[in-house]
file my_file18.cif (mmCIF, C-alpha atoms and all ligand atoms)
data_entry
#
loop_
_atom_site.label_atom_id
_atom_site.label_comp_id
_atom_site.auth_asym_id
_atom_site.auth_seq_id
_atom_site.Cartn_x
_atom_site.Cartn_y
_atom_site.Cartn_z
CA MET A 1 124.31 -36.69 -62.03
CA THR A 2 125.85 -37.18 -65.44
CA GLY A 3 125.04 -36.24 -69.01
CA LYS A 4 125.75 -37.88 -72.33
CA ALA A 5 127.69 -36.40 -75.21
CA ALA A 6 128.62 -37.55 -78.70
CA VAL A 7 132.38 -37.11 -78.80
CA PHE A 8 134.47 -36.47 -81.91
CA THR A 9 137.75 -38.31 -81.44
CA GLU A 10 139.35 -38.44 -84.85
CA VAL A 11 138.69 -37.66 -88.53
CA GLY A 12 137.01 -40.62 -90.18
CA GLN A 13 135.91 -42.22 -86.90
CA PRO A 14 132.29 -42.43 -85.75
CA PHE A 15 131.21 -40.28 -82.81
CA GLN A 16 131.67 -42.01 -79.44
CA PHE A 17 129.19 -41.63 -76.61
CA ARG A 18 130.65 -40.63 -73.27
CA GLU A 19 129.11 -39.66 -69.93
CA TYR A 20 130.41 -36.70 -67.97
CA PRO A 21 129.46 -35.40 -64.53
CA LEU A 22 127.25 -32.32 -64.65
CA PRO A 23 129.50 -29.41 -63.71
CA ASP A 24 129.01 -26.97 -60.87
CA VAL A 25 127.70 -23.74 -62.32
CA ALA A 26 129.67 -20.55 -61.66
CA ALA A 27 127.70 -17.60 -60.25
CA ASP A 28 127.50 -15.87 -63.62
CA ALA A 29 127.23 -18.92 -65.93
CA MET A 30 124.49 -21.47 -66.61
CA LEU A 31 123.92 -25.06 -67.60
CA ILE A 32 121.60 -25.53 -70.56
CA ARG A 33 119.72 -28.75 -71.30
CA ILE A 34 119.87 -28.92 -75.08
CA THR A 35 116.53 -29.64 -76.76
CA MET A 36 117.62 -29.43 -80.41
CA ALA A 37 121.01 -29.27 -82.13
CA ASN A 38 121.54 -29.00 -85.87
CA ILE A 39 124.21 -30.14 -88.27
CA CYS A 40 125.43 -26.95 -89.94
CA GLY A 41 127.59 -26.99 -93.07
CA SER A 42 130.61 -26.11 -90.96
CA ASP A 43 130.09 -29.18 -88.75
CA LEU A 44 130.35 -31.30 -91.89
CA HIS A 45 133.67 -29.60 -92.65
CA PHE A 46 134.88 -30.10 -89.06
CA VAL A 47 134.33 -33.88 -89.08
CA ARG A 48 136.46 -34.05 -92.24
CA GLY A 49 139.22 -32.08 -90.50
CA GLY A 50 138.35 -28.81 -92.27
CA GLY A 51 137.33 -25.43 -90.88
CA PRO A 52 140.09 -24.07 -88.68
CA GLY A 53 141.69 -27.54 -88.53
CA LEU A 54 142.27 -29.92 -85.65
CA LYS A 55 144.83 -28.03 -83.58
CA GLY A 56 144.40 -28.71 -79.86
CA GLY A 57 141.26 -29.63 -77.98
CA MET A 58 140.81 -33.33 -78.80
CA PRO A 59 138.60 -35.15 -78.23
CA ARG A 60 135.91 -32.54 -78.51
CA ILE A 61 132.17 -31.99 -78.69
CA LEU A 62 131.22 -30.51 -82.04
CA GLY A 63 128.03 -28.69 -82.93
CA HIS A 64 127.08 -25.06 -82.35
CA GLU A 65 123.62 -24.46 -83.82
CA MET A 66 121.28 -25.26 -80.94
CA VAL A 67 118.57 -24.29 -78.56
CA GLY A 68 117.77 -25.40 -75.02
CA VAL A 69 116.29 -24.84 -71.59
CA ILE A 70 118.08 -23.42 -68.54
CA GLU A 71 118.70 -26.38 -66.24
CA ARG A 72 120.82 -24.57 -63.65
CA LEU A 73 121.22 -20.83 -63.46
CA GLY A 74 124.22 -19.22 -61.76
CA ARG A 75 123.04 -17.30 -58.71
CA ALA A 76 124.24 -13.92 -60.00
CA VAL A 77 122.37 -14.16 -63.33
CA LYS A 78 119.07 -12.29 -63.23
CA THR A 79 118.49 -11.26 -66.84
CA ASP A 80 119.44 -12.20 -70.38
CA THR A 81 121.79 -10.07 -72.51
CA VAL A 82 119.02 -7.60 -73.39
CA GLY A 83 117.68 -7.28 -69.83
CA GLN A 84 114.72 -9.67 -69.87
CA PRO A 85 114.30 -11.51 -66.55
CA MET A 86 115.52 -15.10 -66.70
CA LYS A 87 114.91 -18.17 -64.55
CA GLU A 88 115.56 -21.91 -64.61
CA GLY A 89 113.23 -23.60 -67.11
CA ASP A 90 113.33 -20.70 -69.62
CA ARG A 91 114.04 -21.56 -73.26
CA VAL A 92 117.09 -19.73 -74.53
CA CYS A 93 119.29 -19.32 -77.55
CA TYR A 94 122.80 -17.93 -77.39
CA ALA A 95 125.97 -17.12 -79.27
CA TYR A 96 128.08 -20.31 -79.42
CA TYR A 97 131.32 -18.34 -79.19
CA ARG A 98 132.82 -15.65 -77.01
CA PRO A 99 135.20 -13.00 -78.30
CA CYS A 100 138.29 -12.75 -76.07
CA GLY A 101 138.12 -8.98 -75.57
CA ALA A 102 141.90 -8.70 -75.63
CA CYS A 103 143.06 -8.90 -79.26
CA PRO A 104 143.19 -6.42 -82.15
CA ALA A 105 139.92 -7.79 -83.61
CA CYS A 106 138.16 -7.25 -80.29
CA TRP A 107 139.69 -3.80 -79.75
CA HIS A 108 138.29 -2.79 -83.12
CA GLY A 109 134.83 -4.22 -82.50
CA ILE A 110 135.17 -7.07 -85.02
CA PRO A 111 133.12 -10.03 -83.73
CA GLY A 112 135.23 -12.55 -85.67
CA CYS A 113 137.87 -12.67 -82.90
CA PRO A 114 140.38 -15.44 -83.74
CA HIS A 115 140.12 -16.74 -80.16
CA ARG A 116 136.33 -16.92 -80.05
CA TYR A 117 136.29 -20.76 -80.04
CA ARG A 118 138.93 -21.25 -77.36
CA HIS A 119 136.37 -22.84 -75.01
CA TRP A 120 134.85 -25.00 -77.73
CA LEU A 121 137.01 -26.27 -80.59
CA GLU A 122 140.22 -25.63 -78.69
CA THR A 123 139.19 -27.29 -75.42
CA SER A 124 138.95 -31.03 -74.93
CA CYS A 125 135.64 -32.28 -73.56
CA GLU A 126 137.68 -34.35 -71.10
CA GLU A 127 138.28 -31.04 -69.32
CA PRO A 128 135.56 -29.73 -66.98
CA PRO A 129 132.97 -28.36 -67.47
CA HIS A 130 133.00 -30.94 -70.33
CA PHE A 131 129.88 -29.73 -72.15
CA HIS A 132 131.54 -27.35 -74.62
CA GLY A 133 129.51 -28.10 -77.78
CA ALA A 134 126.01 -28.84 -79.06
CA TYR A 135 126.10 -32.62 -79.55
CA GLY A 136 125.32 -33.57 -75.99
CA GLU A 137 122.51 -33.48 -73.49
CA TYR A 138 123.89 -30.32 -71.89
CA TYR A 139 125.81 -27.18 -72.76
CA TYR A 140 127.78 -25.07 -70.32
CA LEU A 141 127.17 -21.41 -71.12
CA ARG A 142 130.03 -19.32 -69.87
CA THR A 143 130.19 -15.88 -68.37
CA GLY A 144 130.04 -13.29 -71.10
CA GLN A 145 128.31 -15.41 -73.76
CA TRP A 146 125.28 -13.55 -75.13
CA VAL A 147 122.05 -15.34 -74.22
CA TYR A 148 118.42 -14.55 -75.01
CA ARG A 149 115.05 -15.77 -73.84
CA ILE A 150 112.99 -17.23 -76.69
CA PRO A 151 109.37 -16.14 -77.24
CA ASP A 152 106.95 -19.04 -76.58
CA THR A 153 105.43 -18.63 -80.04
CA LEU A 154 108.62 -19.84 -81.73
CA PRO A 155 109.04 -23.65 -81.60
CA ASP A 156 112.52 -25.25 -81.47
CA ARG A 157 112.22 -26.34 -85.07
CA ILE A 158 111.98 -22.71 -86.19
CA VAL A 159 114.36 -21.20 -83.68
CA SER A 160 117.20 -23.76 -83.55
CA PRO A 161 119.04 -22.32 -86.60
CA VAL A 162 118.91 -18.77 -85.19
CA ASN A 163 122.27 -18.74 -83.39
CA CYS A 164 124.24 -19.67 -86.50
CA ALA A 165 122.58 -19.64 -89.92
CA LEU A 166 119.93 -16.98 -89.42
CA ALA A 167 121.98 -14.65 -87.20
CA GLN A 168 124.90 -14.92 -89.61
CA MET A 169 122.72 -13.90 -92.53
CA VAL A 170 120.99 -11.08 -90.66
CA TYR A 171 124.36 -9.60 -89.71
CA ALA A 172 126.00 -10.13 -93.09
CA LEU A 173 123.16 -8.53 -95.06
CA HIS A 174 123.15 -5.63 -92.62
CA ARG A 175 126.88 -5.12 -93.12
CA ILE A 176 126.85 -5.35 -96.93
CA GLY A 177 123.55 -3.40 -97.09
CA VAL A 178 120.42 -4.03 -99.11
CA THR A 179 119.11 -0.95 -100.91
CA LEU A 180 115.48 -0.59 -101.91
CA GLY A 181 114.96 -2.26 -105.27
CA ASP A 182 118.32 -4.09 -105.39
CA ALA A 183 118.71 -6.96 -107.83
CA VAL A 184 120.12 -9.70 -105.60
CA VAL A 185 121.75 -12.93 -106.75
CA ILE A 186 122.09 -15.73 -104.20
CA GLN A 187 124.58 -18.48 -105.06
CA GLY A 188 123.32 -21.55 -103.19
CA ALA A 189 119.86 -22.40 -101.81
CA GLY A 190 120.84 -24.19 -98.60
CA GLY A 191 119.75 -22.92 -95.19
CA LEU A 192 121.79 -19.71 -95.50
CA GLY A 193 120.56 -19.06 -99.03
CA LEU A 194 116.91 -19.55 -98.10
CA TYR A 195 117.23 -17.17 -95.17
CA ALA A 196 119.01 -14.71 -97.47
CA CYS A 197 115.99 -14.77 -99.82
CA ALA A 198 113.46 -14.00 -97.12
CA LEU A 199 115.66 -11.37 -95.45
CA ALA A 200 116.54 -9.61 -98.71
CA ARG A 201 112.83 -9.57 -99.56
CA GLU A 202 111.94 -8.04 -96.19
CA MET A 203 114.82 -5.54 -96.45
CA GLY A 204 113.43 -4.17 -99.70
CA ALA A 205 115.18 -6.06 -102.48
CA GLY A 206 113.68 -5.75 -105.97
CA THR A 207 114.47 -8.91 -107.91
CA ILE A 208 115.92 -11.96 -106.15
CA LEU A 209 117.57 -14.64 -108.29
CA VAL A 210 118.72 -17.90 -106.76
CA LEU A 211 121.21 -20.39 -108.21
CA ASP A 212 121.66 -24.00 -107.17
CA ILE A 213 122.03 -27.43 -108.73
CA LEU A 214 119.20 -29.15 -106.84
CA PRO A 215 115.64 -28.69 -108.16
CA ASP A 216 114.04 -29.26 -104.72
CA ARG A 217 116.07 -26.47 -103.18
CA LEU A 218 115.27 -24.10 -106.01
CA ALA A 219 111.56 -24.82 -105.58
CA LEU A 220 111.90 -24.05 -101.89
CA ALA A 221 113.75 -20.81 -102.70
CA GLU A 222 110.63 -19.60 -104.51
CA SER A 223 108.55 -20.06 -101.38
CA PHE A 224 111.24 -18.11 -99.49
CA GLY A 225 110.80 -15.09 -101.73
CA ALA A 226 112.92 -15.74 -104.84
CA ASP A 227 111.48 -14.20 -108.00
CA ALA A 228 113.39 -16.56 -110.27
CA THR A 229 115.71 -19.51 -109.94
CA LEU A 230 118.31 -21.01 -112.21
CA ASN A 231 119.52 -24.58 -112.12
CA VAL A 232 123.23 -24.19 -112.87
CA ALA A 233 124.02 -27.92 -112.98
CA GLY A 234 126.24 -28.55 -115.96
CA LEU A 235 126.19 -24.89 -116.99
CA PRO A 236 129.67 -23.40 -117.57
CA ALA A 237 130.55 -20.32 -115.49
CA ARG A 238 130.48 -18.06 -118.55
CA ASP A 239 126.88 -19.08 -119.27
CA ARG A 240 125.89 -18.61 -115.65
CA VAL A 241 127.21 -15.05 -115.74
CA ALA A 242 125.46 -14.41 -119.05
CA ALA A 243 122.18 -15.73 -117.64
CA ILE A 244 122.39 -13.29 -114.72
CA ARG A 245 123.25 -10.39 -117.02
CA GLU A 246 120.26 -11.24 -119.19
CA ARG A 247 117.95 -11.16 -116.16
CA THR A 248 119.31 -7.85 -114.84
CA GLY A 249 118.86 -5.61 -117.86
CA GLY A 250 122.32 -6.50 -119.14
CA HIS A 251 124.05 -4.86 -116.17
CA GLY A 252 124.54 -7.51 -113.49
CA ALA A 253 123.27 -7.67 -109.94
CA ASP A 254 123.53 -4.93 -107.32
CA LEU A 255 124.39 -7.59 -104.73
CA VAL A 256 125.72 -11.15 -105.04
CA VAL A 257 125.63 -13.42 -101.98
CA GLU A 258 127.87 -16.50 -101.96
CA VAL A 259 126.56 -19.26 -99.71
CA THR A 260 127.63 -22.41 -101.55
CA GLY A 261 130.80 -23.09 -99.57
CA SER A 262 132.59 -23.81 -102.84
CA PRO A 263 135.66 -21.73 -103.76
CA GLU A 264 134.93 -22.50 -107.42
CA VAL A 265 131.99 -20.10 -107.65
CA LEU A 266 133.79 -17.01 -106.32
CA GLY A 267 135.08 -15.83 -109.69
CA GLU A 268 131.75 -16.08 -111.45
CA GLY A 269 130.00 -14.44 -108.47
CA ILE A 270 132.15 -11.33 -108.89
CA GLU A 271 131.32 -11.15 -112.57
CA MET A 272 127.61 -11.48 -111.82
CA ALA A 273 127.73 -8.15 -109.94
CA ARG A 274 127.25 -4.92 -111.86
CA VAL A 275 129.93 -2.25 -112.04
CA GLY A 276 130.02 -0.81 -108.51
CA GLY A 277 128.10 -3.82 -107.18
CA ARG A 278 128.69 -5.63 -103.88
CA VAL A 279 129.73 -9.22 -103.30
CA LEU A 280 129.20 -10.95 -99.96
CA TRP A 281 131.27 -14.02 -99.07
CA ILE A 282 130.04 -16.20 -96.23
CA GLY A 283 129.99 -19.79 -97.42
CA ASN A 284 133.70 -20.63 -97.64
CA ILE A 285 134.70 -21.18 -94.02
CA ASN A 286 137.65 -23.50 -94.71
CA LEU A 287 141.23 -22.34 -94.80
CA GLY A 288 143.62 -23.44 -97.51
CA GLN A 289 141.07 -23.98 -100.29
CA HIS A 290 141.61 -21.84 -103.32
CA GLY A 291 139.36 -20.51 -106.04
CA THR A 292 140.21 -18.48 -109.09
CA VAL A 293 139.17 -14.87 -109.32
CA ASP A 294 140.02 -12.22 -111.88
CA PRO A 295 141.15 -9.25 -109.75
CA GLY A 296 140.73 -6.91 -112.70
CA GLN A 297 136.99 -7.53 -112.46
CA VAL A 298 137.07 -6.19 -108.93
CA VAL A 299 139.32 -3.20 -109.69
CA ARG A 300 138.03 -2.14 -113.10
CA GLY A 301 134.50 -3.00 -112.01
CA SER A 302 134.83 -0.93 -108.80
CA ARG A 303 133.21 -3.86 -107.02
CA THR A 304 133.27 -4.37 -103.26
CA ILE A 305 133.86 -7.77 -101.71
CA LEU A 306 132.99 -8.32 -98.04
CA GLY A 307 133.79 -11.51 -96.17
CA LEU A 308 132.79 -12.03 -92.57
CA VAL A 309 132.07 -14.55 -89.88
CA VAL A 310 129.84 -14.52 -86.76
CA TYR A 311 127.88 -11.50 -85.54
CA GLU A 312 127.31 -8.86 -82.87
CA PRO A 313 125.16 -9.07 -79.71
CA TRP A 314 122.21 -7.11 -81.16
CA VAL A 315 121.66 -9.65 -83.95
CA ILE A 316 119.91 -12.62 -82.28
CA PRO A 317 117.05 -10.50 -80.83
CA ARG A 318 116.50 -9.01 -84.30
CA ALA A 319 116.50 -12.50 -85.83
CA LEU A 320 113.90 -13.67 -83.30
CA GLY A 321 111.73 -10.63 -84.04
CA PHE A 322 112.04 -11.30 -87.76
CA LEU A 323 110.84 -14.90 -87.31
CA GLN A 324 107.86 -13.68 -85.30
CA ARG A 325 106.84 -11.01 -87.82
CA ALA A 326 107.61 -12.87 -91.06
CA GLY A 327 106.73 -16.39 -89.89
CA GLY A 328 103.45 -16.43 -91.81
CA ARG A 329 105.06 -15.46 -95.10
CA TYR A 330 107.85 -18.04 -95.42
CA PRO A 331 107.97 -21.78 -94.61
CA PHE A 332 110.67 -21.52 -91.94
CA ASP A 333 109.64 -24.93 -90.59
CA GLN A 334 111.03 -26.51 -93.76
CA ILE A 335 114.64 -25.47 -93.11
CA ILE A 336 115.02 -28.57 -90.90
CA SER A 337 114.52 -31.43 -93.35
CA HIS A 338 115.40 -34.42 -91.13
CA THR A 339 115.46 -35.12 -87.39
CA PHE A 340 117.24 -37.92 -85.52
CA PRO A 341 117.68 -38.77 -81.86
CA LEU A 342 121.14 -37.77 -80.62
CA SER A 343 121.89 -41.47 -80.21
CA ALA A 344 121.72 -41.77 -84.04
CA ILE A 345 124.24 -38.97 -84.68
CA ASN A 346 126.39 -41.12 -86.94
CA GLU A 347 123.44 -41.88 -89.23
CA ALA A 348 122.42 -38.23 -89.03
CA PHE A 349 125.85 -37.09 -90.26
CA ALA A 350 125.70 -39.59 -93.11
CA VAL A 351 122.36 -38.14 -94.21
CA ALA A 352 123.57 -34.55 -93.77
CA ALA A 353 126.57 -35.29 -95.98
CA GLN A 354 124.24 -36.17 -98.85
CA ARG A 355 123.46 -32.93 -100.54
CA LYS A 356 119.73 -33.68 -100.57
CA ALA A 357 119.34 -33.00 -96.86
CA LEU A 358 118.75 -29.32 -96.22
CA ARG A 359 119.41 -29.28 -92.49
CA VAL A 360 119.56 -32.31 -90.22
CA SER A 361 118.65 -31.93 -86.60
CA LEU A 362 119.43 -33.95 -83.47
CA LEU A 363 117.11 -34.36 -80.50
CA PRO A 364 119.01 -35.22 -77.29
CA GLY A 365 115.74 -35.92 -75.46
CA ALA A 366 114.40 -38.41 -78.04
ZN ZN B 401 127.03 -22.99 -88.27
ZN ZN B 402 139.66 -11.28 -79.41
#

call {"tool": "encode", "arguments": {"input": "my_file18.cif", "output": "structure tokens"}}
result
Amino acid sequence: MTGKAAVFTEVGQPFQFREYPLPDVAADAMLIRITMANICGSDLHFVRGGGPGLKGGMPRILGHEMVGVIERLGRAVKTDTVGQPMKEGDRVCYAYYRPCGACPACWHGIPGCPHRYRHWLETSCEEPPHFHGAYGEYYYLRTGQWVYRIPDTLPDRIVSPVNCALAQMVYALHRIGVTLGDAVVIQGAGGLGLYACALAREMGAGTILVLDILPDRLALAESFGADATLNVAGLPARDRVAAIRERTGGHGADLVVEVTGSPEVLGEGIEMARVGGRVLWIGNINLGQHGTVDPGQVVRGSRTILGLVVYEPWVIPRALGFLQRAGGRYPFDQIISHTFPLSAINEAFAVAAQRKALRVSLLPGA
């Protein structure tokens, strides 16, 4: 038996379809049949050669935000990471990375281990077990990757962004903290920003203000819990900061969340926070791109900046519980704006690259 994958061979080249033999499954691993895989903002960076760059592991299978069904379960695996019984045919979601356990980040309990992608971005898909990423019919889930059974009430469309966008935001807001009544500013109303709205609302935020340059996204932010939105297209940074001050009693926000992916908004984001306020950086995943910040605003303003990537094993179950409890209050089914069969991945990436698409999804079974 073989399975298909869309293979990334080179920056600027279309994905190539290749067939690989289905691998034997180790006793404590499993083979997942992918049912839905999304194009996350970082995948768009990766195809342009961004993110951590192209060192090693070419050609490779990109994609990491996904959901699937257990096709073959290693004989030693009886339960998921939180102890629920698991069998072939179960729907699962999982962390797309695995911390190495043997570096200073791991010793200190930091999930953003620099080696966490060694079996994905740093391993060629020509090497068995081949299925290292999301843009294929299968995914080989290795020993030690956190995996969770998905409640039947959550369809793929709702649950496919859990293992990246939603889990990332749940963890990041937990780490930076949301205090009852906080004035929260969210820079960017993409998938991460919309989740940030709903989560901040549920965590007890007071006023939530969302900034973007696309009217459709701002309208959606309101249905995700934003109290007010501001279209910042063509507005100079100074005016953006002034607009936030004006809406926060002249003081600035308690918490500013950057999810635009643009280094240009970092400086204004800091100045949108009040004295003693917190600033969360998640959107800028590329290395080597520089923005301008005024460090005096951080020091004299006693502001805290927190940047982080990925999350801990407790996060996905909490994200799934959140979707179940809050599903009636927010239109989570609108996060995925377009779907394509996997065979149309090149068209799908072209659509995802246009800023109008919120999140584009690929269906390997279609
Ligand atoms: Zn992602
Ligand atoms: Zn490590």

call {"tool": "axis_aligned_box", "arguments": {"input": "my_file18.cif", "around": "stretch 302-317 of chain A", "padding_each_side": "5 Å", "output": "lines of an AutoDock Vina configuration file"}}
result
center_x = 125.9
center_y = -7.7
center_z = -94.3
size_x = 27.8
size_y = 23.6
size_z = 39.1

call {"tool": "closest_residue", "arguments": {"input": "my_file18.cif", "among": "A:Cys106, A:Met272, A:Val82, A:Ile70", "to": "ligand ZN 402 (chain B)", "atoms": "all atoms listed in the file"}}
result
A:Cys106

call {"tool": "atom_distance", "arguments": {"input": "my_file18.cif", "atom1": "atom CA of A:Leu173", "atom2": "atom CA of A:Leu287"}}
result
22.7 Å

call {"tool": "residues_near_ligand", "arguments": {"input": "my_file18.cif", "ligand": "ligand ZN 401 (chain B)", "cutoff": "10 Å", "atoms": "all atoms listed in the file", "output": "VMD selection string"}}
result
chain A and resid 38 to 44 63 to 66 96 161 to 168 192 285 309 to 310

call {"tool": "write_last_selection", "arguments": {"input": "my_file18.cif", "atoms": "C-alpha atoms", "output": "PDB file, keeping the file's coordinate frame"}}
result
ATOM      1  CA  ASN A  38     121.540 -29.000 -85.870  1.00  0.00           C
ATOM      2  CA  ILE A  39     124.210 -30.140 -88.270  1.00  0.00           C
ATOM      3  CA  CYS A  40     125.430 -26.950 -89.940  1.00  0.00           C
ATOM      4  CA  GLY A  41     127.590 -26.990 -93.070  1.00  0.00           C
ATOM      5  CA  SER A  42     130.610 -26.110 -90.960  1.00  0.00           C
ATOM      6  CA  ASP A  43     130.090 -29.180 -88.750  1.00  0.00           C
ATOM      7  CA  LEU A  44     130.350 -31.300 -91.890  1.00  0.00           C
ATOM      8  CA  GLY A  63     128.030 -28.690 -82.930  1.00  0.00           C
ATOM      9  CA  HIS A  64     127.080 -25.060 -82.350  1.00  0.00           C
ATOM     10  CA  GLU A  65     123.620 -24.460 -83.820  1.00  0.00           C
ATOM     11  CA  MET A  66     121.280 -25.260 -80.940  1.00  0.00           C
ATOM     12  CA  TYR A  96     128.080 -20.310 -79.420  1.00  0.00           C
ATOM     13  CA  PRO A 161     119.040 -22.320 -86.600  1.00  0.00           C
ATOM     14  CA  VAL A 162     118.910 -18.770 -85.190  1.00  0.00           C
ATOM     15  CA  ASN A 163     122.270 -18.740 -83.390  1.00  0.00           C
ATOM     16  CA  CYS A 164     124.240 -19.670 -86.500  1.00  0.00           C
ATOM     17  CA  ALA A 165     122.580 -19.640 -89.920  1.00  0.00           C
ATOM     18  CA  LEU A 166     119.930 -16.980 -89.420  1.00  0.00           C
ATOM     19  CA  ALA A 167     121.980 -14.650 -87.200  1.00  0.00           C
ATOM     20  CA  GLN A 168     124.900 -14.920 -89.610  1.00  0.00           C
ATOM     21  CA  LEU A 192     121.790 -19.710 -95.500  1.00  0.00           C
ATOM     22  CA  ILE A 285     134.700 -21.180 -94.020  1.00  0.00           C
ATOM     23  CA  VAL A 309     132.070 -14.550 -89.880  1.00  0.00           C
ATOM     24  CA  VAL A 310     129.840 -14.520 -86.760  1.00  0.00           C
TER      25      VAL A 310
END

call {"tool": "closest_atom_pairs", "arguments": {"input": "my_file18.cif", "of": "chain A", "to": "ligand ZN 402 (chain B)", "cutoff": "8 Å", "atoms": "all atoms listed in the file", "output": "Markdown table"}}
result
| residue | atom | partner | partner_atom | distance |
| --- | --- | --- | --- | --- |
| A:Pro99 | CA | B:ZN402 | ZN | 4.9 |
| A:Cys100 | CA | B:ZN402 | ZN | 3.9 |
| A:Gly101 | CA | B:ZN402 | ZN | 4.7 |
| A:Ala102 | CA | B:ZN402 | ZN | 5.1 |
| A:Cys103 | CA | B:ZN402 | ZN | 4.2 |
| A:Pro104 | CA | B:ZN402 | ZN | 6.6 |
| A:Ala105 | CA | B:ZN402 | ZN | 5.5 |
| A:Cys106 | CA | B:ZN402 | ZN | 4.4 |
| A:Trp107 | CA | B:ZN402 | ZN | 7.5 |
| A:Pro111 | CA | B:ZN402 | ZN | 7.9 |
| A:Gly112 | CA | B:ZN402 | ZN | 7.8 |
| A:Cys113 | CA | B:ZN402 | ZN | 4.2 |
| A:Pro114 | CA | B:ZN402 | ZN | 6.0 |
| A:His115 | CA | B:ZN402 | ZN | 5.5 |
| A:Arg116 | CA | B:ZN402 | ZN | 6.6 |

call {"tool": "closest_residue", "arguments": {"input": "my_file18.cif", "among": "A:Glu10, A:Glu312, A:Asp333, A:Glu127", "to": "A:Ala95", "atoms": "only C-alpha atoms"}}
result
A:Glu312

call {"tool": "closest_residue", "arguments": {"input": "my_file18.cif", "among": "A:Ser223, A:Thr260, A:Thr35, A:Thr207", "to": "A:Val159", "atoms": "all atoms listed in the file"}}
result
A:Thr35

call {"tool": "atom_distance", "arguments": {"input": "my_file18.cif", "atom1": "atom CA of A:Gly177", "atom2": "atom CA of A:Phe332"}}
result
22.8 Å

call {"tool": "closest_residue", "arguments": {"input": "my_file18.cif", "among": "A:Arg217, A:His130, A:Arg201, A:Arg72", "to": "A:Ala5", "atoms": "all atoms listed in the file"}}
result
A:His130

call {"tool": "closest_residue", "arguments": {"input": "my_file18.cif", "among": "A:His290, A:Gly188, A:Ala183, A:Ala172", "to": "A:His251", "atoms": "all atoms listed in the file"}}
result
A:Ala183

call {"tool": "decode", "arguments": {"input": "my_file18.cif", "residues": "stretch 143-157 of chain A", "atoms": "C-alpha atoms", "output": "mmCIF file, in the first residue's frame"}}
result
data_model
loop_
_atom_site.group_PDB
_atom_site.id
_atom_site.type_symbol
_atom_site.label_atom_id
_atom_site.label_comp_id
_atom_site.auth_asym_id
_atom_site.auth_seq_id
_atom_site.Cartn_x
_atom_site.Cartn_y
_atom_site.Cartn_z
ATOM 1 C CA THR A 143 6.511 7.895 20.077
ATOM 2 C CA GLY A 144 6.223 10.707 22.568
ATOM 3 C CA GLN A 145 4.059 13.055 20.483
ATOM 4 C CA TRP A 146 1.023 14.162 22.500
ATOM 5 C CA VAL A 147 -2.192 12.808 20.992
ATOM 6 C CA TYR A 148 -5.829 13.221 22.016
ATOM 7 C CA ARG A 149 -9.116 11.620 21.088
ATOM 8 C CA ILE A 150 -11.585 14.151 19.675
ATOM 9 C CA PRO A 151 -15.163 14.340 21.005
ATOM 10 C CA ASP A 152 -17.682 13.281 18.315
ATOM 11 C CA THR A 153 -19.562 16.565 18.712
ATOM 12 C CA LEU A 154 -16.676 18.548 17.205
ATOM 13 C CA PRO A 155 -16.504 18.299 13.388
ATOM 14 C CA ASP A 156 -13.150 18.480 11.541
ATOM 15 C CA ARG A 157 -13.937 21.980 10.347
#
